[in-house]
Structures are given as C-alpha cells and as structure tokens.
Amino acid sequence: MPRTPKTETAIPSPLSRFLGPLDAFRQSLGKAAAREADHGPDALFGHALYTAGGRTPVFMLQGLARIFRKLDLDDLNTADAELFDRLRLEAKIVEDVLGQIDYWWVVGQKAAAYKLPRPVLAWAAQRHVEACGVAATWLEAREWTPHRYLSEPAAFEPRADRFERRLRKLDWPSPKRLRKAWAEFLLETLTDVDATVDTLDLTKLEEGLHEARRQVRWISVYASALGGQLVLDAEAPAPPGWEVYLTPESVGNPFNRLPEPGPDDRPLHMPAPLFYALSHLIDRLGRLKDQAQWTHILAQGLEDTGSAKGRSIESFLGDAAMTPEGAAAGAAQLVSDVLRRDRLLARMAEAIEAQR
C-alpha cells in the first residue's frame, strides 16, 4: 500500500511569535546587505539596517524572551531558561546599537532643522557614522552576519538560524496553561511597574525619566510581542473624565492595534480605554525625554565644537528647548495624573485579576 504522506505539524502559537520577528530581522539584514548606495548614510550597513526596520523585530524578541524567562511553566527547564536569557541579551545588544544609530541620526536632523552651525552638523554626522560602525562590528562579533575570520565560511550558521533551531525543539505550553501563566506574569508586571515608577528620581534623564518610560513601555511591548494573548475590548466603557486619553491620536496609534488571536489562543481581555491611556502616558513621557535630551546633546555639540560662542542653545531651539527640571516637572505631573489620580496600572491589574 502506498504510504500516506505526513502532514506538517502545526506550529505552536508561542513558537510562531518568536519565528515572526526572527524572520523579519533576517529580511532586514538581507535588505541592508543588498543596498546599492555607494555614498552617504545609506551606504553604511548599520544605517541601511536601521532604515530597513531592523530595530523593531529585535525589540519584539527581547520582549518575548523577557516574558518566557519569567513565566511560571513547569515544562521549561534550566536549559530553556538559558536560551531565553541568551536571546534576550543578543537581541538587546542589537537593539541598543541600532538605537544609537537612531539617536544620532535624529540629533543630526534636529541640528539641521534648528539651523545650528555647520560644525555641529558635522559633529552629529560623525557620531552617527561611528554608531553605524559599532553596529556593524557587533553584528559580526555576535554572528548575526558572517565575518572575515570564520574558520569554515561554508558551515556558518547565522545566529537567527541557531535560535530558530533551538526554539523549535522546546516543549511549548498548551493554550490553557499559557493563558494562566501569562495572566500571572502580566498581573505581576503591572504591580511591579506601578511601584517602581514611584521610586524613580525623575530629575535624572536616564535613570529617572527615561527609565520611567521604559518601565511602562514594556507593558505595551509585551502585549504586541505575545500577539494574540491580549485583545482590546472596544465595548468597555471609559472611566469618568477619561476624554484626555481618548483622542484620535491615541486611539489611532498603530501600536494600539494588537495582533489578532489565532484559532487556538485563549487571550486575556483589556478594556481599550485603559490601553489608550497607557499609550498616552508612553507618548507624553517620550516627548519630554526627547526634548530634554535634544536640548542637552545639542548644547554639548555647541560646546565641543566651539561654535556660536556667546549664544545659548535656547537661542536656537526657542520654545522647543527643554531643561531637565522642566522635563522632570512634566513627567511628575503625568505620573501623578495617570498612575495616581486615574490609577491606570491599578485598573489594568484589576482587569487581569478578574480573569484569572
């Protein structure tokens, strides 16, 4: 009798969440490698990878690794935990170096937009070139891309392929068990972030304001990365006085369009107005952080290049200038309004607790 051909085993939903960004990052690497520019920023591999969207996939991988490292799942053993730790670290390295490219590219754009002296533009451009070089070096060193010192070039297995091979061997949890562990993880995260933000000194740009934004932003990243495990309930009523969070800008934010659940997923539900308020908080903290950073770094550029002596950075930026004190005051008011008065994270935690 003829043998019945084997059907391919369906990919578990959690595994598919990892494979998606891994493949997206491979595609970004391929686009960067195939660049045709022979001069300017686009000729640099690091910048080409940045413009090809390479940062978002590794950010998603970092979020997924953080989730699964902490999920309470008996099926995942010590070796599995080490895999997630390694994936988190490797994705963070790439995300950080691409973040530096983004940072210096934006600084250069701001310097040009506000007509700072040419030496400052050249100073920012040089830092951008250096960031691109660092990124290319790390990508080779961590073997996301091949390098000249490979002992057996033909046998080279890119890091993305290695991660995929190991991820496919894991014993992934059932939808029911994943839902329970995900609910516990999300509830703990919401509670911890709410408490942590209270301890931060918002007058410090990096350790305070920026860290506050990182903390709340991870919640949104987790929801997007583990797509299908959290859905927004658009029918849920908004709490009284919530209009400030329900602007077209917040409701239409692409980061608020979460992936649809698959046929086997058992998602948690979150009132959509709460998620829109989270988006509002992340966005407003980011604006304050960015303005304060631009003001500081462009002032540093004036000083380092000795340009426009006698002129302050405020004379160039005008109303766009932001002091650390001004950013801290704005951030403190946001935290007070959104997290304390309106109890955003506490409300989100209550919504998850009701579904456990």
# chains A, B, ... in the order shown; residues from 1 in each chain; ligands from 1
$ closest_atom_pairs --of "range 281-338 of chain A" --to "range 237-255 of chain A" --cutoff "12 Å" --atoms "only C-alpha atoms" --output "Markdown table"
| residue | atom | partner | partner_atom | distance |
| --- | --- | --- | --- | --- |
| A:Leu281 | CA | A:Tyr245 | CA | 8.7 |
| A:Ile282 | CA | A:Ser250 | CA | 10.4 |
| A:Asp283 | CA | A:Ser250 | CA | 8.8 |
| A:Arg284 | CA | A:Ser250 | CA | 10.7 |
| A:Leu334 | CA | A:Tyr245 | CA | 11.9 |
| A:Asp337 | CA | A:Val244 | CA | 11.0 |
| A:Val338 | CA | A:Tyr245 | CA | 9.5 |
$ residues_around --residues "Leu186 in chain A" --least-positions-apart "6" --cutoff "9 Å" --atoms "only C-alpha atoms" --output "ChimeraX atom specification"
/A:67,219,222,349,352
$ closest_atom_pairs --of "range 225-312 of chain A" --to "range 116-130 of chain A" --cutoff "12 Å" --atoms "only C-alpha atoms" --output "tab-separated table"
residue	atom	partner	partner_atom	distance
A:Trp294	CA	A:Ala124	CA	11.5
A:Thr295	CA	A:Leu116	CA	11.9
A:Ile297	CA	A:Ala124	CA	9.5
A:Leu298	CA	A:Val120	CA	7.8
A:Ala299	CA	A:Val120	CA	9.5
A:Gln300	CA	A:Val120	CA	9.3
A:Gly301	CA	A:Val120	CA	5.5
A:Leu302	CA	A:Val120	CA	6.3
A:Glu303	CA	A:Val120	CA	9.2
A:Asp304	CA	A:Val120	CA	8.4
A:Thr305	CA	A:Pro119	CA	6.2
A:Gly306	CA	A:Pro119	CA	8.6
A:Ser307	CA	A:Pro117	CA	6.5
A:Ala308	CA	A:Pro117	CA	7.0
A:Lys309	CA	A:Pro117	CA	10.6
A:Arg311	CA	A:Leu116	CA	10.6
A:Ser312	CA	A:Leu116	CA	10.9
$ write_last_selection --atoms "all heavy atoms" --output "short mmCIF file (atom, residue, chain, number, x, y, z; two decimals), in the first residue's frame"
data_model
loop_
_atom_site.label_atom_id
_atom_site.label_comp_id
_atom_site.auth_asym_id
_atom_site.auth_seq_id
_atom_site.Cartn_x
_atom_site.Cartn_y
_atom_site.Cartn_z
N TRP A 294 17.52 66.24 23.45
CA TRP A 294 17.97 67.05 22.32
C TRP A 294 18.60 68.35 22.80
O TRP A 294 19.64 68.77 22.30
CB TRP A 294 16.81 67.38 21.39
CG TRP A 294 16.21 66.20 20.70
CD1 TRP A 294 16.81 65.02 20.38
CD2 TRP A 294 14.85 66.08 20.25
NE1 TRP A 294 15.93 64.17 19.76
CE2 TRP A 294 14.71 64.80 19.67
CE3 TRP A 294 13.75 66.93 20.29
CZ2 TRP A 294 13.51 64.35 19.12
CZ3 TRP A 294 12.55 66.49 19.73
CH2 TRP A 294 12.44 65.21 19.16
N THR A 295 17.95 68.97 23.75
CA THR A 295 18.47 70.23 24.27
C THR A 295 19.87 70.04 24.85
O THR A 295 20.80 70.80 24.56
CB THR A 295 17.54 70.82 25.35
OG1 THR A 295 16.23 70.99 24.79
CG2 THR A 295 18.05 72.16 25.85
N ILE A 297 22.08 67.46 24.37
CA ILE A 297 23.14 66.99 23.48
C ILE A 297 23.51 68.05 22.45
O ILE A 297 24.69 68.17 22.05
CB ILE A 297 22.74 65.67 22.80
CG1 ILE A 297 24.00 64.94 22.26
CG2 ILE A 297 21.74 65.89 21.69
CD1 ILE A 297 24.98 64.54 23.32
N LEU A 298 22.56 68.87 22.01
CA LEU A 298 22.90 69.92 21.06
C LEU A 298 23.68 71.03 21.75
O LEU A 298 24.57 71.64 21.13
CB LEU A 298 21.63 70.47 20.41
CG LEU A 298 20.93 69.49 19.45
CD1 LEU A 298 19.62 70.08 18.95
CD2 LEU A 298 21.84 69.12 18.28
N ALA A 299 23.39 71.29 23.01
CA ALA A 299 24.21 72.23 23.77
C ALA A 299 25.63 71.70 23.90
O ALA A 299 26.61 72.45 23.81
CB ALA A 299 23.60 72.47 25.16
N GLN A 300 25.74 70.37 24.08
CA GLN A 300 27.06 69.74 24.15
C GLN A 300 27.79 69.88 22.82
O GLN A 300 29.00 70.11 22.78
CB GLN A 300 26.91 68.26 24.50
CG GLN A 300 28.22 67.53 24.76
CD GLN A 300 28.91 68.01 26.02
OE1 GLN A 300 28.30 68.05 27.07
NE2 GLN A 300 30.17 68.38 25.91
N GLY A 301 27.04 69.77 21.73
CA GLY A 301 27.65 69.95 20.41
C GLY A 301 28.20 71.34 20.21
O GLY A 301 29.29 71.52 19.65
N LEU A 302 27.45 72.35 20.65
CA LEU A 302 27.96 73.72 20.58
C LEU A 302 29.25 73.87 21.37
O LEU A 302 30.21 74.50 20.91
CB LEU A 302 26.90 74.70 21.12
CG LEU A 302 25.68 74.97 20.25
CD1 LEU A 302 24.69 75.85 21.02
CD2 LEU A 302 26.08 75.65 18.94
N GLU A 303 29.28 73.29 22.55
CA GLU A 303 30.46 73.40 23.41
C GLU A 303 31.65 72.65 22.81
O GLU A 303 32.78 73.16 22.77
CB GLU A 303 30.14 72.86 24.80
CG GLU A 303 31.30 72.96 25.78
CD GLU A 303 30.93 72.46 27.16
OE1 GLU A 303 29.73 72.36 27.47
OE2 GLU A 303 31.87 72.15 27.94
N ASP A 304 31.41 71.41 22.36
CA ASP A 304 32.51 70.58 21.85
C ASP A 304 33.13 71.18 20.58
O ASP A 304 34.33 71.01 20.33
CB ASP A 304 32.01 69.17 21.54
CG ASP A 304 31.75 68.36 22.80
OD1 ASP A 304 32.03 68.87 23.91
OD2 ASP A 304 31.26 67.22 22.69
N THR A 305 32.31 71.84 19.76
CA THR A 305 32.83 72.40 18.51
C THR A 305 33.25 73.85 18.64
O THR A 305 33.81 74.41 17.69
CB THR A 305 31.75 72.28 17.40
OG1 THR A 305 30.59 73.02 17.80
CG2 THR A 305 31.39 70.83 17.14
N GLY A 306 32.96 74.45 19.78
CA GLY A 306 33.30 75.86 19.97
C GLY A 306 32.53 76.78 19.05
O GLY A 306 33.01 77.85 18.67
N SER A 307 31.32 76.37 18.67
CA SER A 307 30.52 77.13 17.71
C SER A 307 29.62 78.16 18.38
O SER A 307 29.18 77.97 19.51
CB SER A 307 29.65 76.17 16.90
OG SER A 307 30.44 75.21 16.22
N ALA A 308 29.34 79.23 17.65
CA ALA A 308 28.37 80.25 18.08
C ALA A 308 28.61 80.69 19.50
O ALA A 308 27.71 80.69 20.33
CB ALA A 308 26.95 79.71 17.90
N LYS A 309 29.86 81.05 19.80
CA LYS A 309 30.18 81.49 21.15
C LYS A 309 29.34 82.70 21.52
O LYS A 309 29.16 83.62 20.73
CB LYS A 309 31.66 81.81 21.25
CG LYS A 309 32.55 80.56 21.15
CD LYS A 309 34.02 80.90 21.33
CE LYS A 309 34.88 79.65 21.27
NZ LYS A 309 36.32 79.94 21.43
N ARG A 311 26.19 82.44 22.25
CA ARG A 311 24.79 82.09 22.04
C ARG A 311 24.45 80.82 22.83
O ARG A 311 25.22 79.86 22.86
CB ARG A 311 24.49 81.86 20.56
CG ARG A 311 24.48 83.12 19.71
CD ARG A 311 23.91 82.83 18.33
NE ARG A 311 22.49 82.41 18.41
CZ ARG A 311 21.77 82.11 17.32
NH1 ARG A 311 22.31 82.18 16.11
NH2 ARG A 311 20.50 81.76 17.45
N SER A 312 23.30 80.82 23.44
CA SER A 312 22.83 79.65 24.18
C SER A 312 22.08 78.71 23.25
O SER A 312 21.62 79.12 22.17
CB SER A 312 21.91 80.08 25.32
OG SER A 312 20.71 80.63 24.78
#
$ select_by_dssp --residues "range 3-130 of chain A" --states "alpha helix (DSSP H)" --output "MDAnalysis selection string"
chainID A and resid 13:33 45:51 55:70 78:113 118:130
$ select_by_dssp --residues "range 99-316 of chain A" --states "strand (DSSP E)" --output "PyMOL selection string"
chain A and resi 230-233+268-271
$ atom_distance --atom1 "CA of Asp171 in chain A" --atom2 "CA of Pro21 in chain A"
19.9 Å
$ residues_around --residues "range 205-210 of chain A" --least-positions-apart "6" --cutoff "8 Å" --atoms "only C-alpha atoms" --output "NGL selection string"
:A and (285-286 or 289 or 292-293 or 324 or 327-328 or 331)
$ closest_atom_pairs --of "range 225-263 of chain A" --to "range 46-60 of chain A" --cutoff "12 Å" --atoms "only C-alpha atoms" --output "CSV"
residue,atom,partner,partner_atom,distance
A:Ala225,CA,A:Met60,CA,5.1
A:Leu226,CA,A:Met60,CA,8.5
A:Gly227,CA,A:Met60,CA,10.2
A:Phe255,CA,A:Thr56,CA,11.5
$ write_last_selection --atoms "N, CA, C and O atoms" --output "PDB file, in the first residue's frame"
ATOM      1  N   ALA A 225       4.282  41.839  21.409  1.00  0.00           N
ATOM      2  CA  ALA A 225       5.179  40.724  21.105  1.00  0.00           C
ATOM      3  C   ALA A 225       4.469  39.386  21.242  1.00  0.00           C
ATOM      4  O   ALA A 225       4.609  38.509  20.384  1.00  0.00           O
ATOM      5  N   LEU A 226       3.699  39.225  22.303  1.00  0.00           N
ATOM      6  CA  LEU A 226       2.986  37.967  22.510  1.00  0.00           C
ATOM      7  C   LEU A 226       1.601  38.091  21.866  1.00  0.00           C
ATOM      8  O   LEU A 226       0.571  37.905  22.514  1.00  0.00           O
ATOM      9  N   GLY A 227       1.618  38.442  20.603  1.00  0.00           N
ATOM     10  CA  GLY A 227       0.393  38.740  19.871  1.00  0.00           C
ATOM     11  C   GLY A 227      -0.648  37.648  19.968  1.00  0.00           C
ATOM     12  O   GLY A 227      -0.329  36.457  19.908  1.00  0.00           O
ATOM     13  N   PHE A 255       0.550  51.393  17.416  1.00  0.00           N
ATOM     14  CA  PHE A 255       0.992  50.480  18.467  1.00  0.00           C
ATOM     15  C   PHE A 255      -0.179  49.971  19.302  1.00  0.00           C
ATOM     16  O   PHE A 255      -0.018  49.055  20.111  1.00  0.00           O
TER      17      PHE A 255
END
$ residues_around --residues "Val134 in chain A" --least-positions-apart "5" --cutoff "12 Å" --atoms "only C-alpha atoms" --output "JSON, numbers by chain"
{"A": [44, 45, 46, 47, 93, 94, 96, 97, 98, 99, 100, 101, 127, 128, 129, 139, 140, 141]}
$ closest_residue --among "A:Asp85, A:Glu211, A:Asp38, A:Asp264" --to "Leu64 in chain A" --atoms "only C-alpha atoms"
A:Asp85
$ residues_around --residues "Ala183 in chain A" --least-positions-apart "3" --cutoff "9 Å" --atoms "only C-alpha atoms" --output "list in words"
Leu178, Arg179, Lys180, Leu186, Leu187, Glu188, Leu268, Ile352, Glu353, Gln355 and Arg356 of chain A
$ write_last_selection --atoms "C-alpha atoms" --output "CSV table (one decimal), in the first residue's frame"
chain,number,residue,atom,x,y,z
A,178,LEU,CA,0.0,29.7,28.6
A,179,ARG,CA,-3.1,31.8,29.4
A,180,LYS,CA,-2.8,31.1,33.2
A,186,LEU,CA,1.1,40.4,33.4
A,187,LEU,CA,-0.5,41.0,36.8
A,188,GLU,CA,2.9,40.9,38.5
A,268,LEU,CA,-7.0,37.9,28.1
A,352,ILE,CA,-6.5,41.0,34.6
A,353,GLU,CA,-7.2,39.8,38.1
A,355,GLN,CA,-9.9,36.9,34.5
A,356,ARG,CA,-7.6,34.6,36.5
$ residues_around --residues "Ser174 in chain A" --least-positions-apart "2" --cutoff "12 Å" --atoms "only C-alpha atoms" --output "list in words"
Ile11, Pro12, Ser13, Pro14, Leu15, Leu73, Asp74, Asp75, Asp171, Trp172, Lys176, Arg177, Leu178, Arg179, Lys180, Ala181, Trp182, Asp264, Asp265 and Arg266 of chain A
$ closest_residue --among "A:Val335, A:Gly63, A:Glu82, A:Ala277" --to "Thr196 in chain A" --atoms "only C-alpha atoms"
A:Val335
$ closest_residue --among "A:Glu184, A:Arg343, A:Thr191, A:Leu288" --to "Asp72 in chain A" --atoms "only C-alpha atoms"
A:Glu184
$ atom_distance --atom1 "CA of Glu95 in chain A" --atom2 "CA of Gly330 in chain A"
27.7 Å
$ closest_residue --among "A:Arg213, A:His296, A:Arg26, A:Arg142" --to "Val107 in chain A" --atoms "only C-alpha atoms"
A:His296
